[in-house]
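Presented below is the structure to which this report refers.
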Amino acid sequence: MKSHSEPTLADVAKEAGVSLTTVSRVLNNRGYLSQTTKNRVGDAIAKLGYRPNQLARALHGKKSDTIGLIVPTVALPFFGELAVEIENALAEHGYRILICNSMGHADRERDYLNLLVGNRVDGIISGAHNEALEEYQTIRMPLVTIDRELSPRIPNVRCNNETAGYDATRRLLDAGCRRPALLTSRSHPKNLREHGYRRALGEDGIEPVILEVPFHTDPAIRQLAVNECLNSIAEEIDAVFATDDLAAAEVLEWARLHNLTVPGDLRIIGFDGTQAIHRALPGLTTLRQPLDLIARKAVEILLAQINGETGTEPHGLAEASDASHDHATSESYEFPVTFIEGWTA
């Protein structure tokens, strides 16, 4: 009868006719062993399909060569493509990845943090959106955040959100718009794209119009939520800067439903510039985040922590943010975005 359990170290020892200690020494390349013994253990491993227990290795102080990645959900193009870039960057250094989708739920994110720490991954990269999760303050293993700052003590890698928000809004103003609205997931002091939007409007003495649709709104009702927001100020606005491309697509749909021409009646600019959205909406004017550079910088910082190196210098296009900046920590790194021209603005 075929066994449904994975082979153990003891099974390998029995098959090879050696002790558990000998198998362990072969796997860890410790001490002198004859080639004959090594071959017998190797043949037993191949025959049984034995795989080393990475958790057991980690508990004995060895690296697991595994990194945990926490994101809201890879179903969203930004996080899906980011996860691929991180996975590729880690693979170049011999690391594997465990992807955890928090779905925006603090309890699930807390459970995943405990799972990753308990399983002794070598480090964690978090792109989650639960800034108030206290567990991030107590984690001692290597940790890097992407996009959102979760704690002043944790290195953060992102695009230059505030400058990008300013540039997008400035583009709308220079095109003649006098009442551009901001469509975002949450208006709050850490929303750097909102800071850029407000700064650009302030230069022209224009009052901001902020529309909020929570990030984790059920996709089944999200378009309705966007429609309700826009309906409430339809006569007051002539443009929308959406802080992600999916929101920009929903604004386009709202404009279609109201027989508004784009960009004639309404100009629209999105944010993120993922490949998936560009394929679906090639004409969307948006700002593209350099996901490959962001991912590689996050991996570089994390590996430096794992290897006990102190600090990393910015390189390439990355700029280390000044710690005296109102919205930056001493270890935040920003990359410039690329303006993608389209017909919507």
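By convention here, the chains of the structure tokens are called A, B, ... in the order presented, each chain's residues are numbered starting at 1, and ligands are numbered starting at 1 in the order presented.
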Among segment 133-208 of chain A, which residues carry a DSSP assignment of helix (DSSP H, G or I), reported as a compact mmCIF listing (two decimals) with N, CA and C atoms, in the first residue's frame?
# COMPACT_ATOMS: atom_id res chain seq x y z
N GLU A 135 2.10 44.38 15.67
CA GLU A 135 3.09 43.30 15.55
C GLU A 135 4.33 43.72 14.78
N TYR A 136 4.18 44.66 13.85
CA TYR A 136 5.35 45.10 13.09
C TYR A 136 6.39 45.79 13.97
N GLN A 137 5.95 46.33 15.11
CA GLN A 137 6.87 47.01 16.01
C GLN A 137 7.74 46.02 16.79
N THR A 138 7.30 44.77 16.88
CA THR A 138 8.00 43.82 17.75
C THR A 138 8.79 42.76 16.99
N ASN A 161 6.05 59.08 -4.42
CA ASN A 161 4.61 59.29 -4.47
C ASN A 161 4.18 60.75 -4.46
N GLU A 162 4.80 61.55 -3.60
CA GLU A 162 4.37 62.95 -3.50
C GLU A 162 4.69 63.72 -4.78
N THR A 163 5.91 63.55 -5.27
CA THR A 163 6.29 64.23 -6.52
C THR A 163 5.40 63.78 -7.67
N ALA A 164 5.12 62.47 -7.71
CA ALA A 164 4.27 61.93 -8.78
C ALA A 164 2.85 62.49 -8.68
N GLY A 165 2.32 62.59 -7.46
CA GLY A 165 0.99 63.16 -7.28
C GLY A 165 0.94 64.61 -7.71
N TYR A 166 1.99 65.32 -7.39
CA TYR A 166 2.09 66.73 -7.81
C TYR A 166 2.13 66.84 -9.33
N ASP A 167 2.98 66.02 -9.96
CA ASP A 167 3.14 66.09 -11.42
C ASP A 167 1.84 65.74 -12.15
N ALA A 168 1.12 64.72 -11.66
CA ALA A 168 -0.14 64.34 -12.30
C ALA A 168 -1.15 65.48 -12.22
N THR A 169 -1.24 66.09 -11.04
CA THR A 169 -2.19 67.19 -10.86
C THR A 169 -1.77 68.41 -11.67
N ARG A 170 -0.48 68.68 -11.69
CA ARG A 170 0.03 69.81 -12.46
C ARG A 170 -0.27 69.64 -13.94
N ARG A 171 -0.20 68.39 -14.41
CA ARG A 171 -0.50 68.10 -15.82
C ARG A 171 -1.95 68.47 -16.12
N LEU A 172 -2.87 68.13 -15.22
CA LEU A 172 -4.28 68.46 -15.43
C LEU A 172 -4.51 69.97 -15.40
N LEU A 173 -3.87 70.64 -14.46
CA LEU A 173 -4.01 72.09 -14.37
C LEU A 173 -3.46 72.79 -15.61
N ASP A 174 -2.32 72.34 -16.08
CA ASP A 174 -1.70 72.95 -17.26
C ASP A 174 -2.53 72.71 -18.52
N LEU A 192 0.83 60.13 0.44
CA LEU A 192 1.76 61.06 -0.18
C LEU A 192 1.28 61.53 -1.55
N ARG A 193 0.53 60.70 -2.27
CA ARG A 193 -0.02 61.15 -3.55
C ARG A 193 -1.02 62.27 -3.32
N GLU A 194 -1.76 62.17 -2.23
CA GLU A 194 -2.68 63.25 -1.86
C GLU A 194 -1.91 64.52 -1.51
N HIS A 195 -0.79 64.38 -0.83
CA HIS A 195 0.03 65.56 -0.51
C HIS A 195 0.45 66.29 -1.79
N GLY A 196 0.89 65.51 -2.79
CA GLY A 196 1.30 66.12 -4.05
C GLY A 196 0.15 66.82 -4.75
N TYR A 197 -1.02 66.17 -4.72
CA TYR A 197 -2.23 66.75 -5.32
C TYR A 197 -2.57 68.08 -4.64
N ARG A 198 -2.58 68.08 -3.32
CA ARG A 198 -2.91 69.30 -2.59
C ARG A 198 -1.90 70.41 -2.83
N ARG A 199 -0.64 70.05 -2.93
CA ARG A 199 0.41 71.06 -3.14
C ARG A 199 0.23 71.75 -4.49
N ALA A 200 -0.06 70.95 -5.54
CA ALA A 200 -0.24 71.53 -6.87
C ALA A 200 -1.46 72.46 -6.89
N LEU A 201 -2.56 72.03 -6.27
CA LEU A 201 -3.75 72.89 -6.24
C LEU A 201 -3.50 74.16 -5.45
N GLY A 202 -2.74 74.03 -4.35
CA GLY A 202 -2.45 75.19 -3.53
C GLY A 202 -1.72 76.28 -4.28
N GLU A 203 -0.85 75.89 -5.19
CA GLU A 203 -0.11 76.87 -5.98
C GLU A 203 -1.03 77.74 -6.84
Q: Name the residues in contact with Leu113 of chain A at a cut-off of 12 Å, using only C-alpha atoms, excluding same-chain residues fewer than 6 positions from it; report them as a PyMOL selection string.
A: chain A and resi 67-71+98-102+106-107+119-121+123-126+128+133-141+143
Q. DSSP says strand (DSSP E) for which residues of segment 42-256 of chain A? Put them as JSON, numbers by chain?
A. {"A": [66, 67, 68, 69, 70, 71, 96, 97, 98, 99, 100, 101, 123, 124, 125, 126, 143, 144, 145, 146, 156, 157, 158, 159, 180, 181, 182, 183, 184, 209, 210, 211, 212, 239, 240, 241, 242]}
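Ranking A:Leu291, A:Lys190, A:Val12, A:Gly104 by their shortest atom-to-atom distance to Asn88 of chain A, with only C-alpha atoms included, puts A:Leu291 first.
One finds atom CA of Leu90 of chain A at 24.5 Å from atom CA of Tyr50 of chain A.
Minimum atom-to-atom distance to Trp343 of chain A, evaluated using only C-alpha atoms, belongs to A:Ile269 out of A:Ala248, A:Ile210, A:Val144, A:Ile269.
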Q. With only C-alpha atoms as the atoms that count, which of A:Ala345, A:Leu27, A:Leu260, A:Leu230 lies nearest to Thr286 of chain A?
A. A:Ala345
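Going from atom CA of Ala280 of chain A to atom CA of Arg158 of chain A covers 24.8 Å.
For the pair atom CA of Glu300 of chain A and atom CA of Asp122 of chain A, the interatomic distance is 13.6 Å.
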Q. Looking at only C-alpha atoms, which of A:Val18, A:Leu257, A:Val299, A:Ile306 is the one that sits closest to Glu87 of chain A?
A.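 Smallest distance to Glu87 of chain A is found for A:Val299.
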Q.
Just want the 12 Å neighbourhood of Ala225 of chain A, counted on only C-alpha atoms, with same-chain residues fewer than 3 positions away dropped. Output as a list in words.
A.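 Near neighbours after the sequence-gap exclusion: Leu183, Ser185, Leu211, Glu212, Val213, Pro214, Phe215, His216, Thr217, Asp218, Pro219, Ala220, Ile221, Arg222, Glu228, Cys229, Leu230, Asn231, Ser232, Ala247, Glu250, Val251 and Trp254 of chain A.
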For the residues in the current selection, export N, CA and C atoms as an mmCIF file, in the first residue's frame.
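Output saved as part_10.cif:
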data_model
loop_
_atom_site.group_PDB
_atom_site.id
_atom_site.type_symbol
_atom_site.label_atom_id
_atom_site.label_comp_id
_atom_site.auth_asym_id
_atom_site.auth_seq_id
_atom_site.Cartn_x
_atom_site.Cartn_y
_atom_site.Cartn_z
ATOM 1 N N LEU A 183 -9.386 60.830 -6.575
ATOM 2 C CA LEU A 183 -10.069 59.598 -6.171
ATOM 3 C C LEU A 183 -9.032 58.686 -5.551
ATOM 4 N N SER A 185 -8.092 55.779 -1.980
ATOM 5 C CA SER A 185 -8.678 54.797 -1.068
ATOM 6 C C SER A 185 -8.933 55.383 0.312
ATOM 7 N N LEU A 211 -12.292 62.381 -3.064
ATOM 8 C CA LEU A 211 -13.270 61.301 -3.098
ATOM 9 C C LEU A 211 -12.616 60.035 -2.564
ATOM 10 N N GLU A 212 -13.282 59.327 -1.659
ATOM 11 C CA GLU A 212 -12.715 58.134 -1.044
ATOM 12 C C GLU A 212 -13.567 56.899 -1.325
ATOM 13 N N VAL A 213 -12.927 55.878 -1.849
ATOM 14 C CA VAL A 213 -13.532 54.551 -1.954
ATOM 15 C C VAL A 213 -12.528 53.601 -1.298
ATOM 16 N N PRO A 214 -12.854 53.036 -0.149
ATOM 17 C CA PRO A 214 -11.887 52.217 0.593
ATOM 18 C C PRO A 214 -11.221 51.147 -0.262
ATOM 19 N N PHE A 215 -9.952 50.934 0.002
ATOM 20 C CA PHE A 215 -9.126 50.020 -0.786
ATOM 21 C C PHE A 215 -9.738 48.629 -0.893
ATOM 22 N N HIS A 216 -10.314 48.150 0.193
ATOM 23 C CA HIS A 216 -10.796 46.767 0.224
ATOM 24 C C HIS A 216 -12.312 46.665 0.005
ATOM 25 N N THR A 217 -12.875 47.653 -0.702
ATOM 26 C CA THR A 217 -14.293 47.565 -1.063
ATOM 27 C C THR A 217 -14.518 46.315 -1.917
ATOM 28 N N ASP A 218 -15.586 45.599 -1.643
ATOM 29 C CA ASP A 218 -15.922 44.390 -2.399
ATOM 30 C C ASP A 218 -15.959 44.715 -3.891
ATOM 31 N N PRO A 219 -15.192 43.991 -4.717
ATOM 32 C CA PRO A 219 -15.181 44.263 -6.159
ATOM 33 C C PRO A 219 -16.573 44.240 -6.793
ATOM 34 N N ALA A 220 -17.489 43.477 -6.213
ATOM 35 C CA ALA A 220 -18.825 43.370 -6.777
ATOM 36 C C ALA A 220 -19.601 44.682 -6.684
ATOM 37 N N ILE A 221 -19.251 45.536 -5.723
ATOM 38 C CA ILE A 221 -19.970 46.802 -5.547
ATOM 39 C C ILE A 221 -19.068 48.017 -5.724
ATOM 40 N N ARG A 222 -17.818 47.770 -6.081
ATOM 41 C CA ARG A 222 -16.872 48.886 -6.155
ATOM 42 C C ARG A 222 -17.263 49.915 -7.220
ATOM 43 N N GLU A 228 -21.322 56.502 -7.127
ATOM 44 C CA GLU A 228 -21.986 57.340 -6.128
ATOM 45 C C GLU A 228 -21.133 58.548 -5.759
ATOM 46 N N CYS A 229 -19.833 58.316 -5.599
ATOM 47 C CA CYS A 229 -18.926 59.415 -5.272
ATOM 48 C C CYS A 229 -18.930 60.473 -6.371
ATOM 49 N N LEU A 230 -18.808 60.013 -7.602
ATOM 50 C CA LEU A 230 -18.728 60.941 -8.728
ATOM 51 C C LEU A 230 -20.067 61.624 -8.993
ATOM 52 N N ASN A 231 -21.156 60.902 -8.795
ATOM 53 C CA ASN A 231 -22.485 61.502 -8.989
ATOM 54 C C ASN A 231 -22.694 62.689 -8.061
ATOM 55 N N SER A 232 -22.120 62.604 -6.861
ATOM 56 C CA SER A 232 -22.343 63.652 -5.860
ATOM 57 C C SER A 232 -21.671 64.971 -6.219
ATOM 58 N N ALA A 247 -9.012 52.229 -10.370
ATOM 59 C CA ALA A 247 -9.942 53.321 -10.069
ATOM 60 C C ALA A 247 -10.121 54.218 -11.291
ATOM 61 N N GLU A 250 -12.535 52.700 -13.569
ATOM 62 C CA GLU A 250 -13.907 52.858 -13.083
ATOM 63 C C GLU A 250 -14.437 54.256 -13.363
ATOM 64 N N VAL A 251 -13.550 55.254 -13.330
ATOM 65 C CA VAL A 251 -13.954 56.613 -13.697
ATOM 66 C C VAL A 251 -14.310 56.667 -15.185
ATOM 67 N N TRP A 254 -17.730 55.307 -15.553
ATOM 68 C CA TRP A 254 -18.711 56.289 -15.093
ATOM 69 C C TRP A 254 -18.942 57.353 -16.159
#
Q) Which of these residues is nearest to Ala44 of chain A, using only C-alpha atoms: A:Pro7, A:Gly94, A:Pro152, A:Gly80? A) A:Pro7
